[in-house]
Amino acid sequence: MFEPELIPLPDLSDPNFVPFWEGTKEHQLRIQQCEDCGTHRWPPRSTCRHCRSTAVTWVPVEPRGRVYSYTIVGRPTTKGYANTPYAVAIVALDAPSNIRIIGSVVGIEPSQLAIGMALEGRFTPIGPNGEATLMQWAPAGAQA
């Protein structure tokens, strides 16, 4: 399906995402939570859209959700994903319910993917030396 060692590495030093990448390395999905009003937010940003606070903490959340939307990629578009077709989904997390996160879907034929399907996060080392850990999605209950 994909070649993890060829997937381009993200900017692991981007201060807005460092806690996220540290979490995936530890097989945790971490997202921002406002320290003042408690609102969860993704993608990371410096100011809470709800209360405008800049006080933030990163909290682990269960990497479980449902397919909100998806696309099937029919042509290779990036290194490491030469084998097509493959699916990329927007996943609505079970909790907190206001968060949607995108990722590739593994462990299922793309044609079998469906809106509302339950998914779980999978953590896969990427880069020539496993420098980063990518979070992907797989059908809930599927073997890793």
# chains A, B, ... in the order shown; residues from 1 in each chain; ligands from 1
call {"tool": "select_by_dssp", "arguments": {"residues": "chain A", "states": "helix (DSSP H, G or I)", "output": "ChimeraX atom specification"}}
result
/A:4-6,18-25,110-112
call {"tool": "write_last_selection", "arguments": {"atoms": "N, CA and C atoms", "output": "PDB file, in the first residue's frame"}}
result
ATOM      1  N   PRO A   4       6.673   3.456   3.946  1.00  0.00           N
ATOM      2  CA  PRO A   4       6.886   4.436   5.025  1.00  0.00           C
ATOM      3  C   PRO A   4       8.217   5.173   4.957  1.00  0.00           C
ATOM      4  N   GLU A   5       9.271   4.490   4.507  1.00  0.00           N
ATOM      5  CA  GLU A   5      10.583   5.126   4.483  1.00  0.00           C
ATOM      6  C   GLU A   5      10.684   6.222   3.416  1.00  0.00           C
ATOM      7  N   LEU A   6       9.747   6.241   2.461  1.00  0.00           N
ATOM      8  CA  LEU A   6       9.771   7.245   1.391  1.00  0.00           C
ATOM      9  C   LEU A   6       8.830   8.430   1.634  1.00  0.00           C
ATOM     10  N   VAL A  18       4.723  20.491  17.404  1.00  0.00           N
ATOM     11  CA  VAL A  18       5.676  19.665  18.154  1.00  0.00           C
ATOM     12  C   VAL A  18       4.955  18.722  19.123  1.00  0.00           C
ATOM     13  N   PRO A  19       3.996  19.185  19.947  1.00  0.00           N
ATOM     14  CA  PRO A  19       3.331  18.252  20.878  1.00  0.00           C
ATOM     15  C   PRO A  19       2.554  17.146  20.156  1.00  0.00           C
ATOM     16  N   PHE A  20       2.008  17.457  18.987  1.00  0.00           N
ATOM     17  CA  PHE A  20       1.300  16.435  18.209  1.00  0.00           C
ATOM     18  C   PHE A  20       2.268  15.336  17.777  1.00  0.00           C
ATOM     19  N   TRP A  21       3.408  15.726  17.182  1.00  0.00           N
ATOM     20  CA  TRP A  21       4.382  14.740  16.709  1.00  0.00           C
ATOM     21  C   TRP A  21       5.025  13.979  17.867  1.00  0.00           C
ATOM     22  N   GLU A  22       5.236  14.645  18.998  1.00  0.00           N
ATOM     23  CA  GLU A  22       5.747  13.928  20.173  1.00  0.00           C
ATOM     24  C   GLU A  22       4.738  12.868  20.610  1.00  0.00           C
ATOM     25  N   GLY A  23       3.464  13.204  20.549  1.00  0.00           N
ATOM     26  CA  GLY A  23       2.411  12.257  20.919  1.00  0.00           C
ATOM     27  C   GLY A  23       2.352  11.055  19.993  1.00  0.00           C
ATOM     28  N   THR A  24       2.401  11.299  18.679  1.00  0.00           N
ATOM     29  CA  THR A  24       2.321  10.164  17.758  1.00  0.00           C
ATOM     30  C   THR A  24       3.513   9.230  17.942  1.00  0.00           C
ATOM     31  N   LYS A  25       4.675   9.804  18.255  1.00  0.00           N
ATOM     32  CA  LYS A  25       5.866   8.977  18.501  1.00  0.00           C
ATOM     33  C   LYS A  25       5.615   8.033  19.687  1.00  0.00           C
ATOM     34  N   PRO A 110     -10.132   0.353  -0.569  1.00  0.00           N
ATOM     35  CA  PRO A 110     -10.793   1.660  -0.631  1.00  0.00           C
ATOM     36  C   PRO A 110     -12.264   1.588  -1.022  1.00  0.00           C
ATOM     37  N   SER A 111     -12.620   0.656  -1.890  1.00  0.00           N
ATOM     38  CA  SER A 111     -14.021   0.554  -2.334  1.00  0.00           C
ATOM     39  C   SER A 111     -14.958   0.102  -1.215  1.00  0.00           C
ATOM     40  N   GLN A 112     -14.405  -0.428  -0.124  1.00  0.00           N
ATOM     41  CA  GLN A 112     -15.220  -0.897   1.002  1.00  0.00           C
ATOM     42  C   GLN A 112     -15.469   0.181   2.058  1.00  0.00           C
TER      43      GLN A 112
END
call {"tool": "select_by_dssp", "arguments": {"residues": "stretch 24-111 of chain A", "states": "strand (DSSP E)", "output": "NGL selection string"}}
result
:A and (29-34 or 40-41 or 56-61 or 64-73 or 86-93 or 100-105)
call {"tool": "closest_residue", "arguments": {"among": "A:Pro96, A:Pro85, A:Gly116, A:Pro15", "to": "A:Gly38", "atoms": "only C-alpha atoms"}}
result
A:Pro96
call {"tool": "residues_around", "arguments": {"residues": "A:Cys34", "least_positions_apart": "5", "cutoff": "8 Å", "atoms": "only C-alpha atoms", "output": "PyMOL selection string"}}
result
chain A and resi 39-41+48+53-57
call {"tool": "closest_residue", "arguments": {"among": "A:Pro43, A:Pro139, A:Pro8, A:Gly80", "to": "A:Val67", "atoms": "only C-alpha atoms"}}
result
A:Pro139
call {"tool": "atom_distance", "arguments": {"atom1": "atom CA of A:Ala140", "atom2": "atom CA of A:Ala82"}}
result
25.3 Å
